[in-house]
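So this block is data-v7.txt, compact mmCIF, C-alpha atoms:
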```
# COMPACT_ATOMS: atom_id res chain seq x y z
CA MET A 109 96.14 176.46 95.53
CA ALA A 110 97.87 173.98 93.35
CA THR A 111 95.96 172.92 90.29
CA LEU A 112 96.12 170.13 87.79
CA GLN A 113 96.65 170.75 84.12
CA VAL A 114 94.10 168.38 82.63
CA GLU A 115 93.77 167.27 79.05
CA LEU A 116 91.01 165.00 77.85
CA VAL A 117 92.00 163.82 74.41
CA ALA A 118 90.03 161.65 72.06
CA VAL A 119 91.59 160.22 68.94
CA GLU A 120 89.95 162.68 66.63
CA ARG A 121 90.22 165.82 68.72
CA THR A 122 90.94 167.33 72.10
CA ILE A 123 87.71 167.26 74.09
CA TRP A 124 88.60 169.39 77.06
CA SER A 125 91.69 170.99 78.43
CA GLY A 126 92.30 173.38 81.25
CA GLU A 127 92.96 173.74 84.94
CA ALA A 128 91.23 171.51 87.41
CA SER A 129 91.32 170.84 91.11
CA MET A 130 90.44 167.16 90.92
CA VAL A 131 89.92 164.33 88.49
CA ILE A 132 87.80 161.31 89.29
CA ALA A 133 88.03 158.25 87.10
CA ARG A 134 87.67 154.53 87.34
CA THR A 135 90.51 152.32 86.26
CA THR A 136 90.28 148.59 85.81
CA GLU A 137 91.50 148.32 89.41
CA GLY A 138 88.97 150.65 90.96
CA GLU A 139 87.72 154.17 91.52
CA LEU A 140 90.42 156.79 91.69
CA GLY A 141 90.53 160.44 92.58
CA VAL A 142 93.50 162.52 91.53
CA LEU A 143 94.38 165.68 93.43
CA PRO A 144 97.29 167.99 92.69
CA GLY A 145 100.58 166.42 93.72
CA HIS A 146 99.47 162.87 93.02
CA ALA A 147 102.23 160.37 92.35
CA PRO A 148 102.90 159.65 88.67
CA LEU A 149 100.52 156.99 87.55
CA LEU A 150 99.52 155.19 84.44
CA GLY A 151 96.19 153.46 84.45
CA GLU A 152 93.81 151.83 82.09
CA LEU A 153 90.28 153.17 82.35
CA ALA A 154 87.54 150.66 83.00
CA PRO A 155 85.44 149.97 79.91
CA GLY A 156 82.26 151.99 79.79
CA GLY A 157 83.72 154.44 82.24
CA VAL A 158 82.98 157.99 83.17
CA VAL A 159 85.55 160.67 83.94
CA THR A 160 84.71 163.62 86.13
CA ILE A 161 86.90 166.69 86.05
CA ARG A 162 86.32 169.28 88.76
CA SER A 163 87.46 172.53 87.24
CA THR A 164 89.00 175.30 89.32
CA GLN A 165 85.72 177.22 89.13
CA GLY A 166 84.13 174.37 91.04
CA GLU A 167 81.97 173.04 88.25
CA ASP A 168 82.08 169.41 87.23
CA VAL A 169 82.84 168.37 83.70
CA VAL A 170 81.53 164.87 83.22
CA ALA A 171 82.56 162.94 80.15
CA ALA A 172 82.04 159.47 78.83
CA ALA A 173 85.40 157.97 77.95
CA HIS A 174 85.66 154.62 76.32
CA GLY A 175 88.76 152.54 75.74
CA GLY A 176 91.15 154.88 77.40
CA PHE A 177 94.12 155.53 79.59
CA LEU A 178 94.85 157.88 82.38
CA SER A 179 98.30 159.28 82.79
CA VAL A 180 99.24 161.35 85.82
CA THR A 181 102.52 163.19 85.68
CA PRO A 182 103.92 165.93 87.91
CA GLU A 183 102.76 168.40 85.25
CA GLY A 184 99.17 167.26 85.08
CA VAL A 185 96.73 164.62 84.03
CA SER A 186 96.02 163.43 80.55
CA ILE A 187 93.15 161.18 79.71
CA LEU A 188 93.36 159.37 76.40
CA ALA A 189 90.24 157.82 75.04
CA GLU A 190 89.32 156.19 71.78
CA THR A 191 85.95 157.85 71.97
CA ALA A 192 84.96 160.51 74.44
CA GLU A 193 82.03 162.82 74.80
CA ILE A 194 81.18 165.56 77.25
CA SER A 195 77.89 164.99 79.06
CA SER A 196 76.26 168.11 77.64
CA GLU A 197 76.86 166.82 74.11
CA ILE A 198 75.40 163.40 74.71
CA ASP A 199 72.14 162.55 73.05
CA VAL A 200 70.40 160.39 75.66
CA GLU A 201 67.79 159.06 73.28
CA ARG A 202 70.37 157.91 70.80
CA ALA A 203 72.52 156.34 73.48
CA ARG A 204 69.52 154.41 74.81
CA GLU A 205 68.68 153.29 71.31
CA ALA A 206 72.29 152.21 70.73
CA LEU A 207 72.33 150.30 74.00
CA ARG A 208 69.08 148.53 73.21
CA ARG A 209 70.36 147.55 69.78
CA ALA A 210 73.71 146.39 71.11
CA GLU A 211 72.14 144.31 73.85
CA GLN A 212 70.14 142.26 71.41
CA ASP A 213 73.09 140.04 70.69
CA ALA A 214 75.50 140.53 73.51
CA ASP A 215 77.59 137.52 72.51
CA ASP A 216 79.29 139.37 69.72
CA PRO A 217 82.39 141.13 71.14
CA GLU A 218 81.83 144.14 68.92
CA GLN A 219 78.26 144.52 70.11
CA LEU A 220 79.50 144.18 73.65
CA ALA A 221 81.92 147.03 73.12
CA ALA A 222 79.12 149.10 71.59
CA ALA A 223 76.96 148.36 74.60
CA ARG A 224 79.74 149.47 76.93
CA ARG A 225 80.15 152.68 74.97
CA ALA A 226 76.45 153.38 75.17
CA GLN A 227 76.43 152.63 78.90
CA SER A 228 79.26 155.03 79.57
CA ARG A 229 77.49 157.74 77.61
CA LEU A 230 74.31 157.21 79.57
CA ARG A 231 76.14 157.24 82.87
CA ALA A 232 77.95 160.42 81.96
CA ALA A 233 74.64 162.02 81.09
CA GLY A 234 73.42 161.21 84.59
CA GLN A 235 71.06 158.43 83.60
CA SER A 236 70.83 155.17 85.44
CA VAL A 237 71.78 152.11 83.45
CA MET B 1 84.65 175.81 5.31
CA ALA B 2 81.36 176.12 7.15
CA GLY B 3 81.68 172.51 8.27
CA SER B 4 85.03 173.06 9.98
CA LEU B 5 83.69 176.15 11.73
CA ARG B 6 80.85 174.14 13.20
CA ALA B 7 83.26 171.40 14.29
CA LEU B 8 85.49 173.96 15.97
CA ARG B 9 82.58 175.55 17.81
CA ARG B 10 81.54 172.14 19.07
CA ARG B 11 85.02 171.45 20.38
CA ILE B 12 85.13 174.80 22.12
CA ARG B 13 81.85 174.05 23.85
CA SER B 14 82.95 170.63 25.05
CA THR B 15 86.33 171.97 26.22
CA GLN B 16 84.55 174.66 28.19
CA SER B 17 82.24 172.21 29.88
CA THR B 18 85.08 169.87 30.84
CA LYS B 19 86.90 172.89 32.17
CA LYS B 20 83.93 173.58 34.42
CA ILE B 21 84.18 170.05 35.79
CA PHE B 22 87.89 170.46 36.41
CA SER B 23 87.54 173.74 38.21
CA ALA B 24 84.67 172.39 40.32
CA GLN B 25 86.88 169.44 41.28
CA GLU B 26 89.67 171.85 42.06
CA LEU B 27 87.46 173.84 44.41
CA ILE B 28 86.17 170.72 46.14
CA ALA B 29 89.67 169.39 46.61
CA GLY B 30 90.76 172.78 47.92
CA ALA B 31 88.04 172.75 50.53
CA ARG B 32 88.87 169.18 51.46
CA ILE B 33 92.55 169.92 52.04
CA VAL B 34 91.67 172.50 54.64
CA ARG B 35 89.41 170.04 56.40
CA ALA B 36 91.90 167.19 56.10
CA GLN B 37 94.68 169.35 57.48
CA ALA B 38 92.49 170.35 60.39
CA ARG B 39 91.85 166.68 61.12
CA VAL B 40 95.56 165.89 60.97
CA GLU B 41 96.14 168.66 63.49
CA ALA B 42 93.24 167.54 65.69
CA SER B 43 94.58 164.00 65.87
CA LYS B 44 98.05 165.10 66.96
CA PRO B 45 97.44 165.62 70.69
CA TYR B 46 96.31 162.01 71.07
CA ALA B 47 99.21 160.65 69.03
CA ARG B 48 101.64 162.73 71.07
CA GLU B 49 100.17 161.66 74.39
CA ILE B 50 100.02 157.98 73.55
CA THR B 51 103.60 158.08 72.34
CA ARG B 52 104.66 159.80 75.53
CA VAL B 53 102.78 157.34 77.72
CA LEU B 54 104.25 154.40 75.84
CA GLY B 55 107.68 155.95 76.08
CA ALA B 56 107.23 156.26 79.84
CA LEU B 57 106.04 152.70 80.03
CA ALA B 58 108.89 151.49 77.88
CA SER B 59 111.48 153.12 80.10
CA SER B 60 109.95 151.75 83.31
CA ALA B 61 108.85 148.26 82.40
CA SER B 62 110.77 145.36 81.02
CA LEU B 63 109.95 145.24 77.36
CA GLU B 64 108.55 141.85 76.65
CA HIS B 65 105.77 141.97 74.18
CA PRO B 66 105.23 140.30 70.80
CA LEU B 67 104.53 143.70 69.24
CA LEU B 68 107.86 145.05 70.44
CA ASN B 69 110.32 142.24 69.98
CA GLU B 70 112.19 141.65 66.77
CA ARG B 71 111.43 138.24 65.37
CA THR B 72 114.44 136.01 65.11
CA GLU B 73 113.32 134.80 61.74
CA THR B 74 111.34 136.95 59.37
CA ARG B 75 109.68 135.05 56.59
CA ARG B 76 106.60 137.02 55.70
CA ALA B 77 106.07 140.76 55.81
CA ALA B 78 102.72 142.49 55.48
CA VAL B 79 102.72 145.70 53.46
CA LEU B 80 99.83 148.13 53.81
CA VAL B 81 99.51 150.42 50.81
CA VAL B 82 97.41 153.56 51.15
CA THR B 83 96.00 154.74 47.82
CA SER B 84 92.95 156.76 46.87
CA ASP B 85 89.47 155.59 45.93
CA ARG B 86 89.07 157.96 43.04
CA GLY B 87 91.40 158.99 40.27
CA PHE B 88 91.83 162.54 38.98
CA ALA B 89 94.67 163.01 41.42
CA GLY B 90 97.64 163.36 39.15
CA SER B 91 100.61 161.25 40.07
CA TYR B 92 99.41 160.56 43.62
CA ASN B 93 98.64 156.86 43.23
CA VAL B 94 101.48 156.21 40.80
CA ASN B 95 103.97 157.56 43.32
CA VAL B 96 102.66 155.49 46.20
CA LEU B 97 102.57 152.34 44.10
CA ARG B 98 106.08 152.95 42.82
CA ARG B 99 107.36 153.38 46.38
CA THR B 100 105.58 150.15 47.25
CA GLU B 101 107.27 148.29 44.42
CA GLU B 102 110.62 149.50 45.74
CA LEU B 103 109.80 148.26 49.21
CA LEU B 104 108.56 144.92 47.88
CA GLY B 105 111.81 144.56 45.97
CA THR B 106 113.88 145.23 49.08
CA LEU B 107 111.83 142.81 51.14
CA ARG B 108 112.23 140.08 48.54
CA GLN B 109 115.97 140.67 48.46
CA GLN B 110 116.06 140.16 52.21
CA GLY B 111 114.32 136.86 51.65
CA LYS B 112 110.97 137.95 53.01
CA GLU B 113 107.74 137.16 51.31
CA PRO B 114 105.61 140.29 51.04
CA VAL B 115 101.86 140.08 51.67
CA LEU B 116 99.79 142.97 50.40
CA TYR B 117 97.04 144.87 52.18
CA VAL B 118 95.54 147.67 50.17
CA VAL B 119 93.55 150.75 51.13
CA GLY B 120 91.73 152.48 48.27
CA ARG B 121 90.07 151.35 45.08
CA LYS B 122 92.91 152.57 42.86
CA GLY B 123 95.43 150.31 44.52
CA GLU B 124 92.96 147.46 44.38
CA THR B 125 92.52 147.76 40.61
CA TYR B 126 96.25 148.22 40.10
CA TYR B 127 96.98 144.83 41.66
CA SER B 128 93.98 142.97 40.34
CA PHE B 129 94.80 144.14 36.81
CA ARG B 130 98.28 142.70 37.23
CA ASP B 131 96.92 139.50 38.75
CA ARG B 132 98.88 139.99 41.92
CA PRO B 133 97.45 138.46 45.06
CA VAL B 134 96.16 140.93 47.65
CA GLU B 135 95.40 139.61 51.10
CA GLN B 136 92.76 142.17 52.01
CA THR B 137 91.45 145.47 50.69
CA PHE B 138 89.75 148.33 52.46
CA THR B 139 87.86 150.84 50.35
CA GLY B 140 85.40 153.66 50.60
CA PHE B 141 87.08 156.02 53.05
CA SER B 142 90.30 157.22 51.46
CA GLU B 143 89.22 160.86 51.39
CA GLN B 144 87.68 161.06 54.82
CA PRO B 145 88.98 158.29 57.01
CA ALA B 146 87.33 157.85 60.39
CA TYR B 147 89.03 156.32 63.37
CA SER B 148 86.81 153.26 63.07
CA ASP B 149 88.32 152.67 59.60
CA ALA B 150 91.79 152.78 61.09
CA GLN B 151 90.60 150.34 63.75
CA ASP B 152 89.40 147.90 61.10
CA VAL B 153 92.74 148.07 59.30
CA GLY B 154 94.70 147.95 62.54
CA ARG B 155 92.77 144.95 63.80
CA ALA B 156 93.43 143.03 60.60
CA LEU B 157 97.15 143.80 60.69
CA ILE B 158 97.62 143.10 64.38
CA GLY B 159 95.61 139.94 63.90
CA VAL B 160 98.03 138.50 61.40
CA PHE B 161 101.05 139.82 63.25
CA THR B 162 100.12 138.35 66.62
CA PRO B 163 97.86 135.38 66.03
CA GLY B 164 96.75 133.62 69.17
CA GLU B 165 98.52 130.49 70.38
CA ASP B 166 95.97 128.10 69.01
CA ALA B 167 95.17 130.05 65.85
CA ASP B 168 96.19 129.00 62.39
CA ARG B 169 99.71 130.33 61.93
CA SER B 170 99.91 129.85 58.19
CA GLY B 171 98.73 133.40 57.48
CA ALA B 172 100.94 134.96 60.11
CA VAL B 173 103.45 137.65 59.28
CA ASP B 174 106.58 138.69 61.12
CA GLU B 175 106.72 142.32 60.09
CA VAL B 176 104.22 144.99 59.14
CA HIS B 177 105.10 147.88 56.87
CA ILE B 178 103.03 150.80 55.69
CA VAL B 179 103.41 152.89 52.56
CA TYR B 180 101.51 156.17 52.49
CA THR B 181 101.92 159.71 51.27
CA GLU B 182 103.21 162.17 53.76
CA PHE B 183 101.74 165.63 53.60
CA ARG B 184 104.70 167.99 53.91
CA SER B 185 103.08 171.07 52.45
CA LEU B 186 100.52 172.01 49.84
CA LEU B 187 103.20 171.62 47.21
CA ALA B 188 105.12 168.63 48.48
CA GLN B 189 103.66 165.24 49.24
CA VAL B 190 106.16 162.46 49.57
CA PRO B 191 105.43 158.76 49.53
CA VAL B 192 107.08 157.17 52.54
CA ALA B 193 107.45 153.63 53.77
CA SER B 194 107.82 152.84 57.43
CA ARG B 195 107.58 149.85 59.70
CA LEU B 196 104.55 149.55 61.95
CA ALA B 197 105.41 146.37 63.74
CA PRO B 198 107.44 145.30 65.56
CA VAL B 199 107.21 148.74 67.11
CA ASP B 200 110.53 150.49 67.06
CA THR B 201 111.35 151.35 70.65
CA GLU B 202 113.64 154.13 69.51
CA ASP B 203 110.62 155.85 67.98
CA LEU B 204 108.96 155.80 71.35
CA GLU B 205 111.91 157.22 73.19
CA ARG B 206 112.43 159.90 70.60
CA GLY B 207 108.81 160.99 70.75
CA GLU B 208 106.78 161.24 67.63
CA ASP B 209 108.89 159.94 64.82
CA GLY B 210 109.93 162.30 62.11
CA ASP B 211 107.99 165.10 63.66
CA GLY B 212 110.87 166.74 65.44
CA GLU B 213 108.59 168.17 68.10
CA GLY B 214 108.45 165.16 70.38
CA ARG B 215 108.77 166.11 74.01
CA PRO B 216 111.70 164.75 75.92
CA THR B 217 110.56 162.14 78.42
CA GLY B 218 110.22 163.72 81.82
CA ASP B 219 110.36 167.48 81.44
CA SER B 220 112.75 167.89 84.34
CA GLY B 221 115.22 165.55 82.69
CA VAL B 222 114.78 162.97 85.42
CA PRO B 223 112.77 160.01 84.20
CA THR B 224 109.57 159.86 86.19
CA SER B 225 108.83 156.59 87.85
CA TYR B 226 105.24 155.63 87.40
CA GLU B 227 102.80 153.58 89.36
CA PHE B 228 100.84 151.26 87.14
CA GLU B 229 97.24 150.21 87.29
CA PRO B 230 96.93 147.35 86.30
CA SER B 231 100.38 145.80 85.89
CA PRO B 232 102.81 147.27 83.32
CA GLU B 233 102.52 144.10 81.23
CA ALA B 234 98.74 144.32 81.05
CA LEU B 235 98.98 148.01 80.19
CA LEU B 236 101.49 147.35 77.45
CA ASP B 237 99.18 144.67 76.17
CA SER B 238 96.30 147.06 75.66
CA LEU B 239 98.34 150.16 74.78
CA LEU B 240 100.45 148.75 71.97
CA PRO B 241 97.61 147.74 69.65
CA LYS B 242 96.12 151.20 70.21
CA TYR B 243 99.45 152.77 69.38
CA VAL B 244 99.67 150.82 66.14
CA THR B 245 96.09 151.81 65.28
CA THR B 246 96.93 155.44 66.00
CA ARG B 247 99.83 155.24 63.59
CA VAL B 248 97.57 153.73 60.94
CA TYR B 249 95.04 156.47 61.58
CA ALA B 250 97.68 159.20 61.32
CA ALA B 251 98.90 157.68 58.04
CA LEU B 252 95.36 157.55 56.66
CA LEU B 253 94.78 161.19 57.57
CA GLU B 254 98.05 162.32 56.03
CA ALA B 255 97.26 160.33 52.92
CA ALA B 256 93.80 161.91 52.70
CA ALA B 257 95.30 165.40 52.93
CA SER B 258 97.91 164.50 50.32
CA GLU B 259 95.28 163.03 48.04
CA SER B 260 93.25 166.22 48.07
CA ALA B 261 96.35 168.34 47.56
CA SER B 262 97.43 166.23 44.57
CA ARG B 263 93.95 166.31 43.19
CA ARG B 264 93.76 170.06 43.50
CA ARG B 265 97.08 170.47 41.73
CA ALA B 266 96.11 168.06 38.96
CA MET B 267 92.75 169.73 38.51
CA LYS B 268 94.33 173.17 38.49
CA SER B 269 96.65 172.27 35.65
CA ALA B 270 93.84 170.45 33.85
CA SER B 271 91.58 173.47 33.95
CA ASP B 272 94.49 175.71 32.91
CA ASN B 273 95.10 173.42 29.95
CA ALA B 274 91.44 173.39 29.05
CA GLU B 275 91.40 177.16 29.10
CA GLU B 276 94.47 177.32 26.88
CA LEU B 277 92.90 174.84 24.48
CA ALA B 278 89.63 176.77 24.36
CA LYS B 279 91.58 179.96 23.63
CA ASN B 280 93.47 178.36 20.73
CA LEU B 281 90.33 176.79 19.38
CA SER B 282 88.43 180.06 19.43
CA ARG B 283 91.31 181.72 17.56
CA GLN B 284 91.02 179.04 14.91
CA ALA B 285 87.25 179.42 14.86
CA ASN B 286 87.57 183.18 14.40
CA GLN B 287 90.00 182.66 11.56
CA ALA B 288 87.66 180.21 9.93
CA ARG B 289 84.77 182.59 10.33
CA GLN B 290 86.82 185.42 8.84
CA ALA B 291 87.90 183.24 5.95
CA GLU B 292 84.29 182.32 5.32
CA ILE B 293 83.20 185.95 5.22
CA THR B 294 86.09 186.87 2.93
CA GLN B 295 85.17 184.06 0.64
CA GLU B 296 81.52 185.09 0.56
CA ILE B 297 82.48 188.68 -0.25
CA SER B 298 84.79 187.64 -3.03
CA GLU B 299 82.06 185.38 -4.39
CA ILE B 300 79.56 188.26 -4.39
CA VAL B 301 82.08 190.64 -5.93
CA GLY B 302 82.98 188.01 -8.52
CA GLY B 303 79.28 187.45 -9.25
CA ALA B 304 78.60 191.18 -9.56
CA ASP B 305 81.62 191.57 -11.85
CA ALA B 306 80.38 188.73 -13.99
CA LEU B 307 76.92 190.35 -14.21
CA VAL B 308 78.43 193.74 -15.07
CA SER B 309 80.63 192.28 -17.78
CA ALA B 310 77.69 190.24 -19.09
CA GLY B 311 75.52 193.39 -19.17
CA SER B 312 78.15 195.38 -21.12
CA ASP B 313 77.95 192.92 -23.93
CA ASP B 314 74.38 193.91 -24.73
```

structure tokens encoding of this file:
Amino acid sequence: MATLQVELVAVERTIWSGEASMVIARTTEGELGVLPGHAPLLGELAPGGVVTIRSTQGEDVVAAAHGGFLSVTPEGVSILAETAEISSEIDVERAREALRRAEQDADDPEQLAAARRAQSRLRAAGQSV
Amino acid sequence: MAGSLRALRRRIRSTQSTKKIFSAQELIAGARIVRAQARVEASKPYAREITRVLGALASSASLEHPLLNERTETRRAAVLVVTSDRGFAGSYNVNVLRRTEELLGTLRQQGKEPVLYVVGRKGETYYSFRDRPVEQTFTGFSEQPAYSDAQDVGRALIGVFTPGEDADRSGAVDEVHIVYTEFRSLLAQVPVASRLAPVDTEDLERGEDGDGEGRPTGDSGVPTSYEFEPSPEALLDSLLPKYVTTRVYAALLEAAASESASRRRAMKSASDNAEELAKNLSRQANQARQAEITQEISEIVGGADALVSAGSDD
């Protein structure tokens, strides 16, 4: 079976890379699933988004990706994010705390971005926001 | 004689304790280089991917963006200088500042008015001591820059480069340059100046600039035609500032690695010098001690002789 070569790259390091059978992400235009053989595509991820990578072993790698891009080429998929975290590494308590703090003054664009980041981390960790 | 011996011993002690400081600094810097190099490496995949994506975008979309287009008239040019926060780094800061002066000279010759942005406390003091105006300074992270620091710097630079329609245009600049120290190897760090904005489209097509390992666009040789979500223009709009920030971040990381490497080298030669000095001083101290003993002996012998000759007179 054809597979996708997936790379999830944050600015400071590579978060995950390997073979996958499917990538699910949400761009600013809408939810998107990428299977092997997908047409080349360049998309901007929705703010506060979650990326799901279904690895060839059938397990799901869920990651919070904020401020990112998705690039699908014939060779594979690369996801670029300014900040990204794999769900198992997310500290739910801290994310909740961050969200609460950021929501206190949601008018400030920076706080809004922080809130989005916290939301995406919570979503990736399987919490409802 | 005894006085000079004491003075020498005191100097030996103080030289030895400064040597300890130098070698501790050397070890710290050594450890930091390894970490800084690892961070430079870790940031490369992102830089490579974003360059590739932008390259793909640039070859598919019509390139109309304020960050890409050359300005018809360039009056003011922002120059970002990356220096260190702390000294003790040998010629590191001097070299960067000298390269900056060269660049400022060239810009002035071309009739552009340079505007300074400084990273690092050393650069800040250099310009404030000379009473030269600095538009903005960023300090406190030169050794371990985080991406958020690069974002702060990037936001400031992009802000003055592309002010909004209604914003005050008096502070606007038409070019953005960066001067930082490139980390070539442990022994060679070279100050380089390059232009951040407008983004050079040739850099994008060539892959990572100066790196030599940039992938050719489209591995099969045929340029891939992409679908875009949202429109290419909107993508370019959000990608370009990120690209500029990535370049700032890469420069900050390289500079941090170079800073530690320079510091280690400077501290190595300082502790070598201190050791040499301590060795010479202890030679002198030994001589002084020997001379003192000799003198004491000859005084005793002289005294005994005097007593003997006095006794023989009885």

Distance-based interface of chain A with chain B, 7 Å, counting only C-alpha atoms, as a PyMOL selection string: chain A and resi 117-122+136-137+148-152+188

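Note that the spacing between CA of Leu68 (chain B) and CA of His177 (chain B) amounts to 14.1 Å.
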
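Note that CA of Glu292 (chain B) and CA of Leu8 (chain B) are 13.6 Å apart.
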
As an exercise, work out the distance from CA of Asn93 (chain B) to CA of Ile33 (chain B) in Å and give it to one decimal place. 16.9 Å

Residues at most 9 Å from region 279-284 of chain B, counting only C-alpha atoms, excluding those fewer than 3 positions away in the same chain, as a PyMOL selection string? chain B and resi 5+8-9+11-12+274-276+287-289

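When only C-alpha atoms are used to measure the gap to Ala203 (chain A), the shortest distance among A:Leu230, A:Val180, A:Ala222, A:Ile161 belongs to A:Leu230.
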
Find the spatial neighbours of region 163-177 of chain A, counting all atoms listed in the file, within a cut-off of 7 Å - ignore same-chain residues fewer than 5 positions away - and output them as a list in words. Glu127, Ala128, Ser129, Gly151, Glu152, Leu153, Pro155, Gly156, Gly157, Val158, Ile187, Leu188, Ala189, Glu190, Thr191, Ala192, Glu193, Ile194, Ser195, Arg225, Ser228, Arg229 and Ala232 of chain A

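Using all atoms listed in the file for every distance, the candidate list A:Ala147, A:Ile123, A:Leu140, A:Ile132 yields A:Ala147 as the residue closest to Thr181 (chain A).
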
The residues within 10 Å of (98.6, 164.8, 85.9), using all atoms listed in the file and the coordinates of the file, should be reported as a compact mmCIF listing (two decimals) with C-alpha atoms, keeping the file's coordinate frame; which are they?
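Final output, part10.txt:
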```
# COMPACT_ATOMS: atom_id res chain seq x y z
CA THR A 111 95.96 172.92 90.29
CA LEU A 112 96.12 170.13 87.79
CA GLN A 113 96.65 170.75 84.12
CA VAL A 114 94.10 168.38 82.63
CA GLU A 115 93.77 167.27 79.05
CA MET A 130 90.44 167.16 90.92
CA VAL A 131 89.92 164.33 88.49
CA VAL A 142 93.50 162.52 91.53
CA LEU A 143 94.38 165.68 93.43
CA PRO A 144 97.29 167.99 92.69
CA GLY A 145 100.58 166.42 93.72
CA HIS A 146 99.47 162.87 93.02
CA ALA A 147 102.23 160.37 92.35
CA PRO A 148 102.90 159.65 88.67
CA LEU A 149 100.52 156.99 87.55
CA LEU A 150 99.52 155.19 84.44
CA LEU A 178 94.85 157.88 82.38
CA SER A 179 98.30 159.28 82.79
CA VAL A 180 99.24 161.35 85.82
CA THR A 181 102.52 163.19 85.68
CA PRO A 182 103.92 165.93 87.91
CA GLU A 183 102.76 168.40 85.25
CA GLY A 184 99.17 167.26 85.08
CA VAL A 185 96.73 164.62 84.03
CA SER A 186 96.02 163.43 80.55
CA ILE A 187 93.15 161.18 79.71
```

Just checking: using all atoms listed in the file, which residue out of B:Gln136, B:Ser91, B:Gln110, B:Thr201 ends up closest to Glu64 (chain B)? B:Thr201

Can you report as JSON the centre and edge lengths in Å, to one decimal, of an axis-aligned box around the listed atoms of region 177-192 of chain A padded with 6 Å on each side?
```
{"center_x": 94.4, "center_y": 162.0, "center_z": 79.8, "size_x": 31.0, "size_y": 24.9, "size_z": 28.1}
```

Write out as an MDAnalysis selection string each polymer residue whose atoms come within 12 Å of Lys112 (chain B), counting all atoms listed in the file; drop sequence neighbours fewer than 4 positions from it. chainID B and resid 73:79 103:108 173:176

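Nearest to Arg132 (chain B) of all the residues B:Leu116, B:Leu80, B:Leu277, B:Ala7 is B:Leu116, counting only C-alpha atoms.
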
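Nearest residue to Pro114 (chain B), choosing from B:Leu67, B:Thr162, B:Gly171, B:Val96 and counting all atoms listed in the file: B:Gly171.
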